[in-house]
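Just target.cif here, mmCIF, C-alpha atoms:
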```cif
data_protein
#
loop_
_atom_site.label_atom_id
_atom_site.label_comp_id
_atom_site.auth_asym_id
_atom_site.auth_seq_id
_atom_site.Cartn_x
_atom_site.Cartn_y
_atom_site.Cartn_z
CA LYS A 1 0.00 0.00 0.00
CA ALA A 2 1.58 3.26 -1.06
CA GLY A 3 2.09 5.82 1.68
CA VAL A 4 1.19 9.47 1.76
CA THR A 5 3.04 11.37 -0.95
CA GLN A 6 3.84 15.05 -0.79
CA THR A 7 5.25 17.22 -3.56
CA PRO A 8 7.44 19.11 -3.88
CA ARG A 9 9.79 17.96 -1.14
CA TYR A 10 11.79 21.17 -1.08
CA LEU A 11 11.17 24.64 -2.40
CA ILE A 12 12.55 28.12 -2.04
CA LYS A 13 10.42 31.20 -2.54
CA THR A 14 10.78 34.91 -1.92
CA ARG A 15 8.58 37.14 0.16
CA GLY A 16 5.33 38.08 -1.51
CA GLN A 17 5.21 35.04 -3.74
CA GLN A 18 2.68 32.26 -3.41
CA VAL A 19 3.14 28.51 -3.18
CA THR A 20 1.02 25.42 -3.75
CA LEU A 21 1.79 22.13 -2.05
CA SER A 22 0.27 18.81 -2.99
CA CYS A 23 -0.65 15.71 -1.00
CA SER A 24 -1.80 12.31 -2.21
CA PRO A 25 -3.33 10.30 0.63
CA ILE A 26 -3.33 6.57 1.18
CA SER A 27 -5.84 4.88 -1.08
CA GLY A 28 -9.23 4.72 0.59
CA HIS A 29 -8.56 7.51 3.06
CA ARG A 30 -11.02 10.36 2.78
CA SER A 31 -9.51 12.70 5.34
CA VAL A 32 -6.47 14.84 4.68
CA SER A 33 -5.10 17.23 7.25
CA TRP A 34 -2.23 19.71 7.05
CA TYR A 35 0.23 20.77 9.71
CA GLN A 36 3.00 23.30 9.97
CA GLN A 37 6.06 22.02 11.80
CA THR A 38 8.66 24.41 13.18
CA PRO A 39 11.33 23.87 15.85
CA GLY A 40 9.79 26.40 18.21
CA GLN A 41 6.09 25.71 17.77
CA GLY A 42 6.02 21.99 17.11
CA LEU A 43 3.10 20.75 15.04
CA GLN A 44 0.38 23.29 14.40
CA PHE A 45 -2.87 22.27 12.76
CA LEU A 46 -3.77 24.15 9.61
CA PHE A 47 -6.93 22.48 8.33
CA GLU A 48 -8.59 19.18 7.56
CA TYR A 49 -10.57 18.12 4.55
CA PHE A 50 -13.00 15.23 4.41
CA SER A 51 -14.77 14.25 1.22
CA GLU A 52 -13.88 17.57 -0.44
CA THR A 53 -15.20 19.67 2.46
CA GLN A 54 -13.15 21.59 4.97
CA ARG A 55 -14.14 20.03 8.26
CA ASN A 56 -11.80 21.80 10.65
CA LYS A 57 -9.58 24.82 10.56
CA GLY A 58 -6.72 25.97 12.76
CA ASN A 59 -5.75 29.47 13.76
CA PHE A 60 -3.87 30.57 10.68
CA PRO A 61 -4.47 33.70 8.61
CA GLY A 62 -6.54 33.61 5.46
CA ARG A 63 -3.36 33.52 3.38
CA PHE A 64 -3.37 29.80 4.09
CA SER A 65 -5.98 27.90 2.16
CA GLY A 66 -6.58 24.43 0.89
CA ARG A 67 -8.84 22.20 -1.09
CA GLN A 68 -9.53 18.56 -1.69
CA PHE A 69 -10.42 16.89 -4.93
CA SER A 70 -12.83 14.06 -5.62
CA ASN A 71 -9.97 11.55 -5.60
CA SER A 72 -9.07 12.78 -2.06
CA ARG A 73 -5.86 14.42 -3.21
CA SER A 74 -5.38 17.74 -1.48
CA GLU A 75 -3.53 20.96 -2.10
CA MET A 76 -2.68 23.79 0.21
CA ASN A 77 -1.83 27.28 -0.93
CA VAL A 78 -0.02 30.05 0.85
CA SER A 79 -0.27 33.48 -0.70
CA THR A 80 1.84 36.57 -0.06
CA LEU A 81 4.58 34.58 1.60
CA GLU A 82 6.30 35.93 4.69
CA LEU A 83 9.65 34.95 6.17
CA GLY A 84 7.83 33.33 9.09
CA ASP A 85 6.13 30.89 6.76
CA SER A 86 9.40 28.99 6.41
CA ALA A 87 8.62 25.55 7.83
CA LEU A 88 8.06 21.90 7.10
CA TYR A 89 4.49 21.37 5.95
CA LEU A 90 3.17 17.94 6.74
CA CYS A 91 0.16 16.25 5.29
CA ALA A 92 -1.58 13.36 7.01
CA SER A 93 -4.30 11.08 5.79
CA SER A 94 -6.73 8.98 7.78
CA SER A 95 -10.08 7.31 7.59
CA GLY A 96 -11.53 10.40 9.23
CA ASP A 97 -13.12 8.50 12.06
CA HIS A 98 -12.83 9.56 15.68
CA GLY A 99 -9.55 8.27 17.04
CA GLY A 100 -8.30 7.24 13.65
CA GLU A 101 -4.55 6.95 13.16
CA LEU A 102 -2.87 9.66 11.13
CA PHE A 103 -0.47 8.57 8.41
CA PHE A 104 2.02 11.29 7.60
CA GLY A 105 3.89 12.20 4.48
CA GLU A 106 7.56 13.18 4.47
CA GLY A 107 6.65 16.83 4.21
CA SER A 108 7.37 19.78 1.98
CA ARG A 109 10.12 22.02 3.30
CA LEU A 110 9.45 25.62 2.38
CA THR A 111 12.11 28.28 2.70
CA VAL A 112 11.06 31.90 2.23
CA LEU A 113 13.86 34.36 1.51
CA ALA B 1 -9.19 25.94 26.08
CA GLN B 2 -8.25 22.77 24.28
CA ARG B 3 -4.56 22.10 24.46
CA VAL B 4 -1.88 19.49 24.88
CA THR B 5 1.13 20.42 26.98
CA GLN B 6 4.52 18.77 26.87
CA PRO B 7 6.59 20.67 29.42
CA GLU B 8 10.00 19.35 28.38
CA LYS B 9 11.52 20.37 25.05
CA LEU B 10 14.52 18.14 25.59
CA LEU B 11 15.01 15.12 27.81
CA SER B 12 18.38 13.42 28.09
CA VAL B 13 18.81 10.08 29.83
CA PHE B 14 21.49 7.43 29.92
CA LYS B 15 21.02 4.08 28.25
CA GLY B 16 19.33 1.67 30.62
CA ALA B 17 17.77 4.42 32.72
CA PRO B 18 14.00 4.82 33.05
CA VAL B 19 12.39 7.49 30.94
CA GLU B 20 9.14 9.38 31.35
CA LEU B 21 7.89 11.91 28.83
CA LYS B 22 5.19 14.08 30.31
CA CYS B 23 1.94 15.04 28.63
CA ASN B 24 -0.99 16.93 30.08
CA TYR B 25 -4.12 17.87 28.25
CA SER B 26 -7.05 20.20 28.59
CA TYR B 27 -10.22 19.14 26.84
CA SER B 28 -13.89 19.17 27.72
CA GLY B 29 -15.15 15.80 26.68
CA SER B 30 -13.69 12.35 26.17
CA PRO B 31 -10.71 12.57 23.84
CA GLU B 32 -8.61 9.81 22.44
CA LEU B 33 -4.95 10.15 23.42
CA PHE B 34 -1.94 9.23 21.30
CA TRP B 35 1.82 9.32 21.20
CA TYR B 36 3.47 9.90 17.83
CA VAL B 37 7.19 9.54 17.23
CA GLN B 38 9.58 10.87 14.63
CA TYR B 39 12.92 9.12 14.32
CA SER B 40 15.76 10.82 12.48
CA ARG B 41 15.06 11.01 8.75
CA GLN B 42 11.78 9.12 9.11
CA ARG B 43 8.16 10.10 8.93
CA LEU B 44 6.09 10.98 11.92
CA GLN B 45 4.29 7.80 12.93
CA LEU B 46 1.96 6.49 15.58
CA LEU B 47 3.68 4.93 18.58
CA LEU B 48 0.69 4.04 20.69
CA ARG B 49 -2.83 5.06 21.62
CA HIS B 50 -4.49 4.85 24.99
CA ILE B 51 -7.50 2.91 23.77
CA SER B 52 -5.40 -0.09 22.74
CA ARG B 53 -3.63 -0.27 26.10
CA GLU B 54 -0.64 -2.02 24.56
CA SER B 55 3.10 -1.74 24.93
CA ILE B 56 5.04 -0.75 21.83
CA LYS B 57 8.84 -1.00 21.78
CA GLY B 58 8.69 -1.26 25.55
CA PHE B 59 6.78 2.01 25.92
CA THR B 60 3.52 2.29 27.82
CA ALA B 61 1.24 5.20 28.56
CA ASP B 62 -1.59 5.36 31.04
CA LEU B 63 -4.43 7.77 30.72
CA ASN B 64 -5.13 9.49 34.04
CA LYS B 65 -8.40 11.32 33.61
CA GLY B 66 -8.24 12.83 37.09
CA GLU B 67 -4.90 14.48 36.40
CA THR B 68 -5.63 14.83 32.68
CA SER B 69 -2.27 13.29 31.91
CA PHE B 70 -0.96 10.71 29.46
CA HIS B 71 2.70 10.28 30.31
CA LEU B 72 4.87 7.97 28.20
CA LYS B 73 7.12 5.60 30.10
CA LYS B 74 9.80 3.05 29.43
CA PRO B 75 11.72 1.26 32.19
CA PHE B 76 15.03 0.93 30.35
CA ALA B 77 15.87 3.43 27.61
CA GLN B 78 17.76 2.31 24.51
CA GLU B 79 19.84 4.44 22.16
CA GLU B 80 17.39 3.71 19.34
CA ASP B 81 14.67 5.44 21.36
CA SER B 82 16.28 8.79 20.59
CA ALA B 83 13.64 10.69 18.64
CA MET B 84 11.06 13.46 18.76
CA TYR B 85 7.90 12.49 20.61
CA TYR B 86 4.55 14.21 20.24
CA CYS B 87 1.56 13.73 22.47
CA ALA B 88 -1.77 14.31 20.75
CA LEU B 89 -5.46 14.10 21.35
CA SER B 90 -8.35 13.52 19.01
CA GLY B 91 -11.70 14.88 20.00
CA GLY B 92 -14.90 16.43 18.82
CA THR B 93 -18.37 15.44 17.78
CA SER B 94 -19.38 13.44 14.76
CA GLY B 95 -18.02 15.13 11.68
CA THR B 96 -15.81 17.58 13.54
CA TYR B 97 -13.04 15.45 14.96
CA LYS B 98 -9.67 17.09 15.05
CA TYR B 99 -6.22 16.39 16.36
CA ILE B 100 -4.38 18.66 18.75
CA PHE B 101 -0.65 18.09 19.12
CA GLY B 102 1.75 19.14 21.82
CA THR B 103 4.96 20.96 20.98
CA GLY B 104 6.99 17.79 21.28
CA THR B 105 9.81 16.47 23.45
CA ARG B 106 13.14 15.49 22.00
CA LEU B 107 14.48 12.41 23.76
CA LYS B 108 18.22 11.80 23.69
CA VAL B 109 19.47 8.52 25.04
CA LEU B 110 23.15 8.74 25.86
CA ALA B 111 25.50 5.78 25.67
#
```
As structure tokens, how would this structure be written, given the file I've shared?
Amino acid sequence: KAGVTQTPRYLIKTRGQQVTLSCSPISGHRSVSWYQQTPGQGLQFLFEYFSETQRNKGNFPGRFSGRQFSNSRSEMNVSTLELGDSALYLCASSSGDHGGELFFGEGSRLTVL
Amino acid sequence: AQRVTQPEKLLSVFKGAPVELKCNYSYSGSPELFWYVQYSRQRLQLLLRHISRESIKGFTADLNKGETSFHLKKPFAQEEDSAMYYCALSGGTSGTYKYIFGTGTRLKVLA
């Protein structure tokens, strides 16, 4: 069974630009959630999508957005990048049930210059 | 407020010594509690969950609802236990479940 796949793995952007990250979940999983991982803040929840609908949202500004397609693949977009957006962005897929295990991708490391 | 607190950013112990990684949570309701682990150059992965009440790699964690804690313990630490550990809870009502993670504790097991 293929794991969660995230692309791109690494990217460098400059302030003011925008970026789109992609996540392909494990086959059969309908829930995809996104997290920002930084050394100081740990894992911070961005949002979760279930069957193409945003089910939960963290406390991030509106510059952070996402969507999910009918095949459960998900994308997240960050517009008007700031230096503080530099982080590892992790995607996780799950069945979406209460207490379901999260299966994480390797992450997309974003550096904003 | 809903939160998961891991008070230690870094915990260093010697090989063979007992280890306890602390986790406290604040949540109104009945959450599911988990420990996730990230070894060097590997993906974040589930270590154990309170509902299964099992021991994984020698680690156990007991949910104490009175103290709202879910500390991770191992009687004899091994060098391969060195990793980043995250405590997390899953809670909500039908259709609104979400995970809340702590800030993580880096465990270093010294030879």
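Any residue of chain A with an atom within 7 Å of chain B counts; using only C-alpha atoms, that gives Gln41, Gly42, Leu43, Arg55, Asn56, His98, Gly99, Glu101, Phe103, Phe104, Gly105 and Glu106 of chain A.
Applied to this file, the PyMOL selection byres ((chain B and resi 20) around 12) selects the residues B:Gln6, B:Pro7, B:Glu8, B:Leu10, B:Leu11, B:Ser12, B:Val13, B:Ala17, B:Pro18, B:Val19, B:Leu21, B:Lys22, B:Cys23, B:Phe59, B:Thr60, B:Ala61, B:Asp62, B:Phe70, B:His71, B:Leu72, B:Lys73, B:Lys74, B:Pro75, B:Phe76, B:Ala77, B:Tyr85, B:Thr105, B:Arg106, B:Leu107.
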Picked residues, the PyMOL selection byres ((chain A and resi 15) around 12), as a list in words: Ile12, Lys13, Thr14, Gly16, Gln17, Gln18, Val19, Val78, Ser79, Thr80, Leu81, Glu82, Leu83, Gly84, Asp85, Ser86, Leu110, Thr111, Val112 and Leu113 of chain A
Generate a file of the selected residues that holds C-alpha atoms, formatted as an mmCIF file, in the coordinates of the input.
```cif
data_model
loop_
_atom_site.group_PDB
_atom_site.id
_atom_site.type_symbol
_atom_site.label_atom_id
_atom_site.label_comp_id
_atom_site.auth_asym_id
_atom_site.auth_seq_id
_atom_site.Cartn_x
_atom_site.Cartn_y
_atom_site.Cartn_z
ATOM 1 C CA ILE A 12 12.550 28.120 -2.040
ATOM 2 C CA LYS A 13 10.420 31.200 -2.540
ATOM 3 C CA THR A 14 10.780 34.910 -1.920
ATOM 4 C CA GLY A 16 5.330 38.080 -1.510
ATOM 5 C CA GLN A 17 5.210 35.040 -3.740
ATOM 6 C CA GLN A 18 2.680 32.260 -3.410
ATOM 7 C CA VAL A 19 3.140 28.510 -3.180
ATOM 8 C CA VAL A 78 -0.020 30.050 0.850
ATOM 9 C CA SER A 79 -0.270 33.480 -0.700
ATOM 10 C CA THR A 80 1.840 36.570 -0.060
ATOM 11 C CA LEU A 81 4.580 34.580 1.600
ATOM 12 C CA GLU A 82 6.300 35.930 4.690
ATOM 13 C CA LEU A 83 9.650 34.950 6.170
ATOM 14 C CA GLY A 84 7.830 33.330 9.090
ATOM 15 C CA ASP A 85 6.130 30.890 6.760
ATOM 16 C CA SER A 86 9.400 28.990 6.410
ATOM 17 C CA LEU A 110 9.450 25.620 2.380
ATOM 18 C CA THR A 111 12.110 28.280 2.700
ATOM 19 C CA VAL A 112 11.060 31.900 2.230
ATOM 20 C CA LEU A 113 13.860 34.360 1.510
#
```
Coordinates-based distance that separates CA of Thr7 (chain A) from CA of Gln54 (chain A) (Å, one decimal): 20.7 Å
Resolved residues for the PyMOL selection byres ((chain B and resi 25-27) around 6) as a PDB file with C-alpha atoms, in the coordinates of the input:
```
ATOM      1  CA  GLN B   2      -8.250  22.770  24.280  1.00  0.00           C
ATOM      2  CA  ARG B   3      -4.560  22.100  24.460  1.00  0.00           C
ATOM      3  CA  VAL B   4      -1.880  19.490  24.880  1.00  0.00           C
ATOM      4  CA  THR B   5       1.130  20.420  26.980  1.00  0.00           C
ATOM      5  CA  ASN B  24      -0.990  16.930  30.080  1.00  0.00           C
ATOM      6  CA  SER B  28     -13.890  19.170  27.720  1.00  0.00           C
ATOM      7  CA  GLY B  29     -15.150  15.800  26.680  1.00  0.00           C
ATOM      8  CA  THR B  68      -5.630  14.830  32.680  1.00  0.00           C
TER       9      THR B  68
END
```
Contact residues around Phe69 (chain A) with all atoms listed in the file at 9 Å, ignoring same-chain residues under 4 positions, as a PyMOL selection string: chain A and resi 51-52+73-75
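CA of Val37 (chain B) lies 26.0 Å from CA of Gly66 (chain A).
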Fewer than 6 positions away in the same chain doesn't count, so skip those; otherwise give me all residues within 7 Å of Leu110 (chain B), counting all atoms listed in the file, as a PDB file with C-alpha atoms, keeping the file's coordinate frame.
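Output saved as part_24.pdb:
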```pdb
ATOM      1  CA  VAL B  13      18.810  10.080  29.830  1.00  0.00           C
ATOM      2  CA  PHE B  14      21.490   7.430  29.920  1.00  0.00           C
ATOM      3  CA  LYS B  15      21.020   4.080  28.250  1.00  0.00           C
ATOM      4  CA  GLU B  79      19.840   4.440  22.160  1.00  0.00           C
TER       5      GLU B  79
END
```
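CA of Pro39 (chain A) is found 22.2 Å from CA of Cys23 (chain A).
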Set the distance at 6 Å and use all atoms listed in the file: which residues neighbour Val32 (chain A) once local chain neighbours fewer than 2 positions away are removed? I'd like the list as a short mmCIF file (atom, residue, chain, number, x, y, z; two decimals) with C-alpha atoms, in the frame of the given file.
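Output file around-v3.cif is given in full below:
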```cif
data_model
loop_
_atom_site.label_atom_id
_atom_site.label_comp_id
_atom_site.auth_asym_id
_atom_site.auth_seq_id
_atom_site.Cartn_x
_atom_site.Cartn_y
_atom_site.Cartn_z
CA GLU A 48 -8.59 19.18 7.56
CA TYR A 49 -10.57 18.12 4.55
CA ALA A 92 -1.58 13.36 7.01
CA SER A 93 -4.30 11.08 5.79
#
```
